[in-house]
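Next up, my_file17.txt (compact mmCIF, C-alpha atoms):
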```
# COMPACT_ATOMS: atom_id res chain seq x y z
CA MET B 190 126.83 -82.95 30.12
CA GLU B 191 123.69 -82.43 32.13
CA ILE B 192 123.06 -79.09 30.36
CA ARG B 193 123.41 -80.72 26.93
CA SER B 194 121.11 -83.57 27.88
CA THR B 195 118.48 -81.13 29.09
CA SER B 196 118.71 -79.16 25.83
CA ASN B 197 118.21 -82.32 23.78
CA MET B 198 115.14 -83.27 25.79
CA SER B 199 113.66 -79.78 25.32
CA PHE B 200 114.29 -79.96 21.60
CA VAL B 201 112.62 -83.35 21.38
CA LEU B 202 109.61 -82.11 23.40
CA LEU B 203 109.22 -79.03 21.20
CA LEU B 204 109.39 -81.18 18.09
CA MET B 205 106.68 -83.48 19.39
CA ILE B 206 104.41 -80.51 20.13
CA LEU B 207 104.89 -79.12 16.62
CA LEU B 208 104.14 -82.50 15.09
CA GLY B 209 100.93 -82.77 17.20
CA LEU B 210 99.75 -79.32 16.12
CA THR B 211 100.39 -80.18 12.47
CA ALA B 212 98.40 -83.38 12.78
CA CYS B 213 95.46 -81.56 14.39
CA GLN B 214 95.50 -78.94 11.63
CA GLN B 215 95.44 -81.67 8.97
CA GLU B 216 92.48 -83.32 10.71
CA VAL B 217 90.59 -80.02 10.75
CA GLU B 218 91.37 -79.34 7.09
CA THR B 219 90.31 -82.80 5.98
CA ALA B 220 87.04 -83.01 8.11
CA PRO B 221 84.00 -83.37 5.73
CA ALA B 222 81.43 -80.50 5.57
CA PRO B 223 77.95 -81.26 7.10
CA PRO B 224 75.33 -82.33 4.52
CA PRO B 225 72.63 -79.81 3.49
CA PRO B 226 69.43 -80.08 5.58
CA GLU B 227 66.75 -82.37 4.29
CA VAL B 228 63.41 -80.68 3.50
CA LYS B 229 60.19 -81.87 1.94
CA VAL B 230 58.96 -79.88 -1.03
CA MET B 231 55.95 -79.89 -3.30
CA SER B 232 55.51 -78.60 -6.81
CA VAL B 233 52.92 -75.84 -7.26
CA VAL B 234 50.26 -77.13 -9.68
CA PRO B 235 47.39 -74.87 -10.88
CA LYS B 236 43.86 -76.22 -10.30
CA THR B 237 40.26 -75.23 -10.91
CA ILE B 238 38.45 -75.07 -7.59
CA PRO B 239 35.16 -73.75 -6.19
CA ASP B 240 35.58 -70.20 -4.98
CA GLU B 241 32.92 -69.53 -2.38
CA VAL B 242 32.36 -66.73 0.09
CA GLU B 243 30.19 -66.34 3.19
CA PHE B 244 27.94 -63.42 4.05
CA ILE B 245 25.81 -62.63 7.06
CA GLY B 246 22.12 -62.70 6.16
CA GLN B 247 18.75 -62.24 7.82
CA THR B 248 15.60 -64.19 7.07
CA ASP B 249 12.40 -62.46 6.03
CA SER B 250 8.95 -63.76 5.20
CA PHE B 251 8.14 -64.30 1.56
CA ARG B 252 5.13 -62.02 1.61
CA PRO B 253 4.32 -59.95 4.71
CA VAL B 254 0.77 -58.58 4.38
CA GLU B 255 -0.65 -55.83 6.59
CA ILE B 256 -4.33 -56.17 7.42
CA ARG B 257 -6.21 -52.85 7.51
CA SER B 258 -9.90 -52.05 7.37
CA GLN B 259 -11.40 -50.45 4.27
CA VAL B 260 -14.18 -48.87 6.34
CA THR B 261 -14.46 -46.89 9.55
CA GLY B 262 -16.47 -48.63 12.22
CA ILE B 263 -16.58 -50.65 15.42
CA ILE B 264 -15.02 -54.12 15.58
CA LYS B 265 -17.86 -56.53 16.19
CA LYS B 266 -15.93 -59.81 16.26
CA VAL B 267 -12.43 -61.29 15.88
CA PHE B 268 -12.49 -64.75 14.27
CA PHE B 269 -8.88 -65.93 14.33
CA THR B 270 -6.54 -67.20 17.03
CA GLU B 271 -3.33 -65.21 17.27
CA GLY B 272 -0.12 -66.89 16.18
CA ARG B 273 -1.86 -69.62 14.22
CA ASP B 274 -1.91 -70.47 10.53
CA VAL B 275 -4.72 -69.04 8.44
CA LYS B 276 -5.72 -69.86 4.89
CA LYS B 277 -6.58 -67.50 2.10
CA GLY B 278 -10.27 -66.54 2.45
CA ASP B 279 -10.52 -67.23 6.21
CA LYS B 280 -12.57 -64.74 8.25
CA LEU B 281 -10.47 -62.38 10.37
CA TYR B 282 -12.60 -59.44 11.60
CA LEU B 283 -16.18 -58.27 11.42
CA ILE B 284 -16.90 -54.54 11.51
CA ASP B 285 -20.42 -53.76 12.76
CA PRO B 286 -22.40 -54.01 9.48
CA VAL B 287 -25.65 -52.35 10.64
CA PRO B 288 -24.89 -48.77 9.54
CA PHE B 289 -23.40 -50.01 6.27
CA ARG B 290 -26.42 -52.20 5.57
CA ALA B 291 -28.64 -49.19 6.15
CA ALA B 292 -26.48 -47.07 3.87
CA ALA B 293 -26.68 -49.73 1.16
CA GLY B 294 -30.48 -49.83 1.48
CA SER B 295 -30.72 -46.05 1.25
CA ALA B 296 -28.47 -46.04 -1.81
CA LYS B 297 -30.63 -48.70 -3.41
CA GLY B 298 -33.70 -46.54 -2.80
CA GLN B 299 -31.97 -43.56 -4.38
CA VAL B 300 -31.32 -45.64 -7.46
CA GLY B 301 -35.01 -46.52 -7.64
CA GLN B 302 -36.03 -42.89 -7.38
CA ALA B 303 -33.53 -41.95 -10.07
CA ILE B 304 -34.92 -44.64 -12.38
CA ALA B 305 -38.47 -43.38 -11.84
CA ARG B 306 -37.44 -39.78 -12.46
CA LEU B 307 -35.66 -40.77 -15.66
CA ALA B 308 -38.73 -42.66 -16.86
CA GLN B 309 -40.92 -39.65 -16.14
CA ALA B 310 -38.53 -37.31 -17.94
CA ARG B 311 -38.41 -39.52 -21.00
CA ALA B 312 -42.20 -39.76 -21.07
CA GLU B 313 -42.55 -36.00 -20.83
CA LEU B 314 -40.09 -35.50 -23.67
CA SER B 315 -41.95 -38.02 -25.82
CA ARG B 316 -45.22 -36.13 -25.16
CA VAL B 317 -44.03 -32.60 -25.94
CA LYS B 318 -41.99 -33.34 -29.05
CA PRO B 319 -45.01 -34.06 -31.33
CA LEU B 320 -46.85 -31.03 -29.93
CA LEU B 321 -44.04 -28.74 -31.05
CA LYS B 322 -44.81 -29.53 -34.70
CA GLU B 323 -48.40 -28.54 -34.13
CA GLN B 324 -47.20 -25.43 -32.28
CA ALA B 325 -49.16 -26.57 -29.25
CA VAL B 326 -46.11 -26.08 -27.05
CA SER B 327 -43.19 -23.70 -27.26
CA GLN B 328 -39.59 -24.59 -28.03
CA LYS B 329 -38.76 -23.78 -24.41
CA ASP B 330 -41.03 -26.53 -23.20
CA VAL B 331 -39.20 -29.06 -25.37
CA ASP B 332 -35.80 -27.79 -24.24
CA ASP B 333 -36.87 -28.10 -20.60
CA ALA B 334 -37.98 -31.68 -21.21
CA ILE B 335 -34.62 -32.56 -22.81
CA ALA B 336 -32.74 -30.97 -19.91
CA GLU B 337 -34.86 -32.86 -17.41
CA GLU B 338 -34.08 -36.15 -19.14
CA LEU B 339 -30.35 -35.43 -19.07
CA ALA B 340 -30.51 -34.46 -15.41
CA ALA B 341 -32.40 -37.64 -14.60
CA GLU B 342 -29.80 -39.75 -16.39
CA SER B 343 -27.01 -38.04 -14.43
CA THR B 344 -28.88 -38.57 -11.17
CA LEU B 345 -29.24 -42.26 -11.97
CA VAL B 346 -25.50 -42.61 -12.69
CA SER B 347 -24.68 -40.90 -9.38
CA ALA B 348 -27.15 -43.04 -7.48
CA LYS B 349 -25.71 -46.23 -8.95
CA ALA B 350 -22.21 -45.13 -7.95
CA ASP B 351 -23.40 -44.46 -4.39
CA LEU B 352 -25.01 -47.90 -4.32
CA GLU B 353 -21.81 -49.56 -5.54
CA LYS B 354 -19.81 -47.73 -2.84
CA ALA B 355 -22.32 -48.70 -0.18
CA ARG B 356 -22.23 -52.35 -1.25
CA PHE B 357 -18.40 -52.24 -1.28
CA ASP B 358 -18.35 -50.86 2.27
CA LEU B 359 -20.88 -53.44 3.42
CA LYS B 360 -18.85 -56.26 1.88
CA ASN B 361 -15.68 -55.00 3.53
CA THR B 362 -17.16 -55.05 7.00
CA LEU B 363 -16.09 -58.70 6.85
CA ILE B 364 -12.27 -58.75 6.61
CA ILE B 365 -10.82 -61.96 5.19
CA ALA B 366 -7.25 -63.25 4.80
CA PRO B 367 -5.82 -62.23 1.39
CA VAL B 368 -3.05 -64.87 1.62
CA SER B 369 -2.23 -68.03 3.52
CA GLY B 370 0.34 -67.80 6.29
CA ARG B 371 0.88 -67.31 10.00
CA ILE B 372 -1.03 -64.45 11.59
CA GLU B 373 0.45 -62.18 14.24
CA ARG B 374 -1.14 -60.62 17.28
CA SER B 375 -4.17 -58.42 16.82
CA GLN B 376 -3.54 -54.75 17.51
CA LEU B 377 -7.24 -54.00 18.13
CA TYR B 378 -10.02 -56.10 19.62
CA GLY B 379 -13.81 -56.12 19.81
CA GLY B 380 -15.49 -52.81 20.62
CA ARG B 381 -12.64 -50.66 19.30
CA LEU B 382 -13.19 -48.00 16.66
CA VAL B 383 -11.23 -48.62 13.46
CA SER B 384 -10.30 -45.85 11.03
CA ALA B 385 -10.46 -46.78 7.38
CA GLN B 386 -7.06 -47.55 5.77
CA THR B 387 -5.24 -46.10 8.79
CA ASP B 388 -5.23 -48.46 11.75
CA LEU B 389 -3.13 -51.62 11.43
CA LEU B 390 -5.18 -54.56 12.67
CA THR B 391 -2.62 -57.36 12.28
CA SER B 392 -0.17 -58.89 9.80
CA ILE B 393 0.08 -62.20 7.99
CA ARG B 394 3.48 -63.64 7.10
CA GLN B 395 3.74 -66.18 4.34
CA MET B 396 6.31 -68.59 5.76
CA ASP B 397 7.04 -70.86 2.80
CA PRO B 398 9.24 -70.10 0.95
CA MET B 399 11.53 -67.87 3.04
CA TYR B 400 13.73 -64.99 1.91
CA VAL B 401 17.26 -64.36 3.19
CA ASN B 402 18.61 -60.83 2.63
CA VAL B 403 22.37 -60.31 2.46
CA ASN B 404 24.45 -57.15 2.06
CA VAL B 405 27.34 -57.61 -0.37
CA PRO B 406 30.26 -55.17 0.22
CA GLU B 407 31.34 -52.95 -2.65
CA SER B 408 34.95 -54.16 -2.27
CA TYR B 409 33.86 -57.74 -2.90
CA ILE B 410 31.90 -56.81 -6.03
CA LEU B 411 34.79 -54.78 -7.44
CA ARG B 412 37.21 -57.64 -6.78
CA ARG B 413 34.90 -60.16 -8.42
CA GLN B 414 34.50 -57.95 -11.49
CA ARG B 415 38.27 -57.60 -11.78
CA GLU B 416 38.85 -61.35 -11.40
CA MET B 417 36.18 -62.21 -13.97
CA SER B 418 37.56 -59.70 -16.47
CA GLU B 419 40.98 -61.34 -16.05
CA ASP B 420 39.40 -64.80 -16.48
CA ARG B 421 40.61 -65.85 -13.05
CA VAL B 422 37.07 -66.55 -11.86
CA ARG B 423 34.06 -67.86 -13.77
CA ARG B 424 30.43 -68.23 -12.86
CA PRO B 425 27.11 -69.25 -14.46
CA ASP B 426 24.23 -66.85 -14.98
CA LEU B 427 23.83 -64.56 -11.97
CA PHE B 428 20.49 -66.02 -10.95
CA GLU B 429 21.83 -69.57 -11.11
CA LEU B 430 24.01 -68.93 -8.07
CA LYS B 431 23.04 -71.06 -5.07
CA GLY B 432 23.28 -70.45 -1.36
CA VAL B 433 24.04 -72.79 1.54
CA MET B 434 22.66 -71.63 4.87
CA THR B 435 24.39 -72.12 8.22
CA MET B 436 22.19 -71.61 11.27
CA ALA B 437 23.20 -69.81 14.46
CA ASP B 438 24.08 -73.10 16.17
CA GLY B 439 26.41 -74.13 13.34
CA THR B 440 24.08 -76.63 11.69
CA ILE B 441 23.71 -76.64 7.91
CA TYR B 442 20.18 -76.08 6.58
CA PRO B 443 19.34 -79.18 4.51
CA HIS B 444 17.98 -77.30 1.49
CA GLU B 445 19.86 -74.98 -0.86
CA GLY B 446 18.51 -71.61 -1.89
CA MET B 447 18.65 -69.68 -5.15
CA LEU B 448 19.59 -66.07 -5.77
CA ASP B 449 16.40 -64.37 -6.97
CA PHE B 450 17.18 -60.66 -6.55
CA ALA B 451 20.24 -58.44 -6.87
CA GLY B 452 20.03 -54.77 -5.96
CA THR B 453 20.45 -52.04 -8.54
CA GLY B 454 22.24 -49.52 -6.33
CA PHE B 455 24.57 -49.34 -3.35
CA ARG B 456 23.24 -48.28 0.01
CA SER B 457 25.02 -45.10 1.02
CA GLU B 458 24.94 -45.85 4.75
CA THR B 459 26.67 -49.25 4.43
CA GLY B 460 28.41 -49.16 1.03
CA SER B 461 26.87 -52.49 0.12
CA LEU B 462 24.51 -53.95 -2.44
CA GLN B 463 21.51 -55.88 -1.17
CA SER B 464 20.84 -59.31 -2.61
CA ARG B 465 18.25 -61.92 -1.74
CA PHE B 466 18.11 -65.70 -1.72
CA VAL B 467 14.92 -67.75 -1.54
CA PHE B 468 14.85 -71.01 0.43
CA PRO B 469 12.12 -73.62 0.75
CA ASN B 470 10.78 -73.57 4.31
CA ILE B 471 9.82 -77.21 4.56
CA ARG B 472 7.19 -77.93 7.16
CA GLN B 473 7.95 -80.66 9.63
CA ARG B 474 5.46 -82.93 11.34
CA SER B 475 3.24 -81.45 13.99
CA VAL B 476 4.39 -81.75 17.56
CA PRO B 477 2.70 -84.78 19.22
CA GLY B 478 -0.10 -83.63 21.45
CA ASP B 479 -0.42 -80.23 19.81
CA ARG B 480 -4.18 -79.73 19.74
CA ASP B 481 -4.22 -77.25 16.89
CA ASP B 482 -1.96 -79.42 14.72
CA ARG B 483 0.09 -76.35 13.92
CA PRO B 484 2.97 -77.16 11.55
CA ILE B 485 6.48 -76.40 12.69
CA TYR B 486 8.62 -74.30 10.36
CA ALA B 487 12.38 -74.65 10.16
CA LEU B 488 12.87 -70.92 9.50
CA PHE B 489 11.30 -67.82 11.02
CA PRO B 490 11.55 -64.15 9.98
CA GLY B 491 14.36 -62.18 11.62
CA GLN B 492 16.89 -64.98 12.11
CA PHE B 493 20.58 -64.19 11.51
CA VAL B 494 22.30 -66.84 9.39
CA LYS B 495 25.39 -67.31 7.23
CA ILE B 496 25.01 -67.75 3.48
CA ARG B 497 27.79 -69.45 1.50
CA VAL B 498 27.46 -68.58 -2.18
CA LYS B 499 28.02 -71.48 -4.59
CA GLY B 500 28.68 -71.21 -8.31
CA TYR B 501 31.94 -69.29 -8.68
CA MET B 502 34.92 -71.31 -9.97
CA ARG B 503 38.53 -70.10 -9.69
CA THR B 504 40.77 -71.15 -12.58
CA ASN B 505 44.55 -71.70 -12.30
CA ALA B 506 44.37 -71.57 -8.53
CA LEU B 507 47.65 -72.16 -6.68
CA LEU B 508 47.19 -74.13 -3.46
CA ILE B 509 49.87 -74.98 -0.90
CA PRO B 510 49.57 -76.50 2.60
CA GLN B 511 48.98 -74.05 5.40
CA ARG B 512 52.16 -75.22 7.20
CA ALA B 513 54.24 -73.97 4.25
CA VAL B 514 53.07 -70.37 4.77
CA GLN B 515 54.98 -68.51 7.48
CA GLN B 516 54.37 -65.17 9.11
CA GLY B 517 57.17 -62.65 9.43
CA PRO B 518 57.63 -58.96 10.25
CA GLN B 519 57.08 -58.06 6.60
CA GLY B 520 54.03 -60.33 6.16
CA THR B 521 53.50 -63.89 4.92
CA PHE B 522 56.23 -65.76 3.08
CA VAL B 523 57.30 -69.22 1.88
CA TYR B 524 60.61 -70.86 1.02
CA VAL B 525 61.09 -71.76 -2.66
CA VAL B 526 63.83 -74.18 -3.76
CA ASP B 527 65.46 -73.20 -7.07
CA LYS B 528 67.18 -75.41 -9.63
CA GLU B 529 70.45 -75.27 -7.67
CA ASN B 530 68.65 -76.56 -4.55
CA LYS B 531 69.04 -73.25 -2.79
CA ALA B 532 66.27 -71.90 -0.58
CA GLU B 533 64.79 -68.51 -1.40
CA LEU B 534 62.53 -66.55 0.95
CA ARG B 535 59.52 -65.46 -1.15
CA PRO B 536 56.80 -63.01 0.07
CA VAL B 537 53.32 -64.22 -0.91
CA THR B 538 49.70 -63.09 -0.62
CA ALA B 539 47.42 -65.77 0.84
CA SER B 540 43.73 -64.91 0.55
CA ALA B 541 41.52 -67.88 1.43
CA TRP B 542 41.50 -71.37 2.88
CA HIS B 543 40.68 -74.42 0.82
CA GLY B 544 40.49 -77.29 3.25
CA LYS B 545 44.01 -77.47 4.76
CA ASP B 546 45.57 -75.41 1.97
CA TRP B 547 46.10 -71.71 1.41
CA LEU B 548 45.02 -70.09 -1.83
CA ILE B 549 47.99 -68.00 -3.00
CA GLU B 550 47.06 -64.89 -4.96
CA GLU B 551 50.56 -63.48 -5.61
CA GLY B 552 54.18 -64.52 -5.16
CA LEU B 553 54.26 -68.01 -6.68
CA LYS B 554 54.26 -69.48 -10.17
CA ALA B 555 53.18 -72.87 -11.44
CA GLY B 556 55.95 -75.47 -11.27
CA GLU B 557 57.96 -73.89 -8.44
CA GLN B 558 59.08 -76.06 -5.51
CA VAL B 559 57.82 -74.91 -2.10
CA VAL B 560 59.21 -76.16 1.22
CA VAL B 561 56.45 -77.84 3.24
CA GLU B 562 58.34 -79.61 6.02
CA GLY B 563 61.72 -78.85 7.62
CA ILE B 564 61.25 -75.10 7.38
CA HIS B 565 63.03 -74.56 10.73
CA ARG B 566 66.22 -75.96 9.18
CA VAL B 567 66.16 -73.61 6.19
CA ARG B 568 68.09 -70.36 5.85
CA PRO B 569 67.70 -67.95 2.92
CA GLY B 570 70.26 -68.74 0.22
CA ALA B 571 71.44 -71.97 1.90
CA GLN B 572 71.73 -75.31 0.12
CA VAL B 573 69.02 -77.87 0.94
CA ASN B 574 68.29 -81.48 0.08
CA PRO B 575 64.71 -81.48 -1.36
CA ILE B 576 62.53 -84.60 -1.01
CA PRO B 577 59.04 -84.85 -2.53
CA PHE B 578 56.25 -84.19 -0.03
CA GLN B 579 53.49 -86.80 0.09
CA SER B 580 50.18 -85.10 0.84
CA PRO B 581 47.84 -87.19 3.01
CA ALA B 582 44.63 -88.20 1.22
CA ASP B 583 41.71 -86.08 2.31
CA SER B 584 38.44 -86.89 0.58
CA SER B 585 36.40 -84.45 2.63
CA VAL B 586 37.96 -81.17 1.53
CA PRO B 587 35.51 -78.33 2.11
CA PRO B 588 35.22 -75.48 -0.37
CA PRO B 589 37.33 -72.34 0.09
CA VAL B 590 36.13 -69.76 2.55
CA ASP B 591 37.06 -66.14 2.09
CA VAL B 592 38.17 -65.23 5.60
CA GLY B 593 38.23 -61.51 4.94
CA LEU B 594 34.81 -60.92 3.42
CA SER B 595 32.92 -62.76 6.15
CA GLU B 596 33.86 -60.07 8.64
CA GLU B 597 33.38 -57.29 6.14
CA SER B 598 29.82 -58.26 5.40
```
Any chance you could put this one into structure tokens?
Amino acid sequence: MEIRSTSNMSFVLLLMILLGLTACQQEVETAPAPPPPEVKVMSVVPKTIPDEVEFIGQTDSFRPVEIRSQVTGIIKKVFFTEGRDVKKGDKLYLIDPVPFRAAAGSAKGQVGQAIARLAQARAELSRVKPLLKEQAVSQKDVDDAIAEELAAESTLVSAKADLEKARFDLKNTLIIAPVSGRIERSQLYGGRLVSAQTDLLTSIRQMDPMYVNVNVPESYILRRQREMSEDRVRRPDLFELKGVMTMADGTIYPHEGMLDFAGTGFRSETGSLQSRFVFPNIRQRSVPGDRDDRPIYALFPGQFVKIRVKGYMRTNALLIPQRAVQQGPQGTFVYVVDKENKAELRPVTASAWHGKDWLIEEGLKAGEQVVVEGIHRVRPGAQVNPIPFQSPADSSVPPPVDVGLSEES
């Protein structure tokens, strides 16, 4: 009896275990699947945006003028103060005029002698011509008189030329400023011998306006030509392009410049094309207490600055937030949600920043849905729950900056 009772209890226990396992299996089979992850997406909409690029540039004076003497002589006096502003016509140097004044006087005397000789020759010719008809003189005498007149005329022309040269030299003993601007240090001072058209005395730099020279890489020009031929980028006339200058301390120069020169050939040593912008160099008030009242310029020759070129417009530009662009072993990519709400990993080419957005060159099409938030919950090919992304209002969106060309230039 005890054996039978024990068998019944074992059977009942085994039955209860089987029933428990069946119930657990039913619970597992009937448990609901987890919902797809929620992500925020935005639709890619093409826009027309400014497409601007930065180059490194260097300032240069509008008109640098070298001051050299036209005559050889001793510097008698220096009139200017180094490093100050001079006006067109101001006295700069005086070369000792004594020998040149003497030369001019001698040349003037030579002209007088030549005039007298010519008068005498003409009188002699007038006297012998009538006598030839009367056979009072020979033909040789008349020919000699004609030759003497011609020689006297030639001597007068030569004497006048010598006088003009002597007067020119005398006038150029006083060297004046050919332009207005700021004068540099003098290379020679009083008592020094100056060789004509050889020795550099000083230089004058016209400070307003100011040039900024930039070297444009060949790769940038080729890319621009390709984009314009494909109607992806438009611009006005070449010389309507403007430039915004950023100083070395990061401040923005308050006046815009205009492109006024574009090179005609690439420089073999750099593979770039030189272009030039012209900026107004507005004078500020004089420094209080400055005795010479020298104006202060905002720009000086030789400064390194950044020039952002304005005027290019990119059509059908695709912009997405920077957070949507991820970096992987194969490069940059985004997640695109298809019509079945499945996430697709899509390689893209991001070229420039536009505020807080990336400009996408390749990999996306207008109207596609891109995941902006919740990317860490997304797996390629997995189902997602897309919710529209609300972009925060940003009224101060700066223009796009080409991050690659700034280094290249």
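You can rank B:Glu429, B:Glu551, B:Glu562, B:Glu227 by their closest distance to Val498 of chain B using only C-alpha atoms, and at the top of that list sits B:Glu429.
For the pair atom CA of Glu550 of chain B and atom CA of Glu241 of chain B, the interatomic distance is 15.1 Å.
Of the listed residues B:Arg306, B:Lys360, B:Lys322, B:Lys280, the one whose atoms come nearest to Gln259 of chain B is B:Lys360, with distances taken using all atoms listed in the file.
Using all atoms listed in the file for every distance, the candidate list B:Gly278, B:Leu352, B:Val267, B:Pro239 yields B:Leu352 as the residue closest to Gly301 of chain B.
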> Within 7 Å of Val523 of chain B, counting all atoms listed in the file, which residues qualify if same-chain residues fewer than 4 places away don't, as a PyMOL selection string?
Replying inline: chain B and resi 513-515+534-537+559
Determine the axis-aligned bounding box of all atoms of segment 347-355 of chain B present in the file, pad each side by 4 Å, and express its centre and edge lengths in Å to one decimal place as AutoDock Vina command-line options.
```
--center_x -23.5 --center_y -45.2 --center_z -4.8 --size_x 15.3 --size_y 16.7 --size_z 17.2
```
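The interatomic distance for the pair atom CA of Glu255 of chain B and atom CA of Met434 of chain B works out to 28.2 Å.
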> Do you know which residues are at most 6 Å from Arg465 of chain B counting only C-alpha atoms, after dropping those on the same chain fewer than 4 positions away, and could you put them as number ranges by chain?
Replying inline: B: 401-402, 448, 450
>> List the spatial neighbours of Ala312 of chain B as a ChimeraX atom specification - criterion: any atom at most 12 Å away, all atoms listed in the file, same-chain residues fewer than 6 positions off excluded.
In response: /B:305-306,318,331,334-335,337-338,341
Determine, for each residue of segment 443-547 of chain B having at least one atom at most 12 Å from an atom of segment 382-400 of chain B, the closest pair of atoms and their separation in Å to one decimal, counting only C-alpha atoms; order by chain and ascending number, as CSV.
```
residue,atom,partner,partner_atom,distance
B:His444,CA,B:Pro398,CA,11.3
B:Glu445,CA,B:Met399,CA,11.6
B:Gly446,CA,B:Tyr400,CA,9.0
B:Met447,CA,B:Tyr400,CA,9.8
B:Leu448,CA,B:Tyr400,CA,9.7
B:Asp449,CA,B:Tyr400,CA,9.3
B:Phe450,CA,B:Tyr400,CA,10.1
B:Ser464,CA,B:Tyr400,CA,10.2
B:Arg465,CA,B:Tyr400,CA,6.6
B:Phe466,CA,B:Tyr400,CA,5.7
B:Val467,CA,B:Tyr400,CA,4.6
B:Phe468,CA,B:Met399,CA,5.3
B:Pro469,CA,B:Pro398,CA,4.6
B:Asn470,CA,B:Asp397,CA,4.9
B:Ile471,CA,B:Asp397,CA,7.2
B:Arg472,CA,B:Asp397,CA,8.3
B:Gln473,CA,B:Asp397,CA,12.0
B:Pro484,CA,B:Met396,CA,10.9
B:Ile485,CA,B:Met396,CA,10.4
B:Tyr486,CA,B:Met396,CA,7.7
B:Ala487,CA,B:Met396,CA,9.6
B:Leu488,CA,B:Met399,CA,7.3
B:Phe489,CA,B:Met396,CA,7.3
B:Pro490,CA,B:Met399,CA,7.9
B:Gly491,CA,B:Tyr400,CA,10.1
B:Gln492,CA,B:Tyr400,CA,10.7
B:Phe493,CA,B:Tyr400,CA,11.8
B:Val494,CA,B:Tyr400,CA,11.5
B:Ile496,CA,B:Tyr400,CA,11.7
```
Residues just named, written with C-alpha atoms as a PDB file, keeping the file's coordinate frame:
```
ATOM      1  CA  HIS B 444      17.980 -77.300   1.490  1.00  0.00           C
ATOM      2  CA  GLU B 445      19.860 -74.980  -0.860  1.00  0.00           C
ATOM      3  CA  GLY B 446      18.510 -71.610  -1.890  1.00  0.00           C
ATOM      4  CA  MET B 447      18.650 -69.680  -5.150  1.00  0.00           C
ATOM      5  CA  LEU B 448      19.590 -66.070  -5.770  1.00  0.00           C
ATOM      6  CA  ASP B 449      16.400 -64.370  -6.970  1.00  0.00           C
ATOM      7  CA  PHE B 450      17.180 -60.660  -6.550  1.00  0.00           C
ATOM      8  CA  SER B 464      20.840 -59.310  -2.610  1.00  0.00           C
ATOM      9  CA  ARG B 465      18.250 -61.920  -1.740  1.00  0.00           C
ATOM     10  CA  PHE B 466      18.110 -65.700  -1.720  1.00  0.00           C
ATOM     11  CA  VAL B 467      14.920 -67.750  -1.540  1.00  0.00           C
ATOM     12  CA  PHE B 468      14.850 -71.010   0.430  1.00  0.00           C
ATOM     13  CA  PRO B 469      12.120 -73.620   0.750  1.00  0.00           C
ATOM     14  CA  ASN B 470      10.780 -73.570   4.310  1.00  0.00           C
ATOM     15  CA  ILE B 471       9.820 -77.210   4.560  1.00  0.00           C
ATOM     16  CA  ARG B 472       7.190 -77.930   7.160  1.00  0.00           C
ATOM     17  CA  GLN B 473       7.950 -80.660   9.630  1.00  0.00           C
ATOM     18  CA  PRO B 484       2.970 -77.160  11.550  1.00  0.00           C
ATOM     19  CA  ILE B 485       6.480 -76.400  12.690  1.00  0.00           C
ATOM     20  CA  TYR B 486       8.620 -74.300  10.360  1.00  0.00           C
ATOM     21  CA  ALA B 487      12.380 -74.650  10.160  1.00  0.00           C
ATOM     22  CA  LEU B 488      12.870 -70.920   9.500  1.00  0.00           C
ATOM     23  CA  PHE B 489      11.300 -67.820  11.020  1.00  0.00           C
ATOM     24  CA  PRO B 490      11.550 -64.150   9.980  1.00  0.00           C
ATOM     25  CA  GLY B 491      14.360 -62.180  11.620  1.00  0.00           C
ATOM     26  CA  GLN B 492      16.890 -64.980  12.110  1.00  0.00           C
ATOM     27  CA  PHE B 493      20.580 -64.190  11.510  1.00  0.00           C
ATOM     28  CA  VAL B 494      22.300 -66.840   9.390  1.00  0.00           C
ATOM     29  CA  ILE B 496      25.010 -67.750   3.480  1.00  0.00           C
TER      30      ILE B 496
END
```
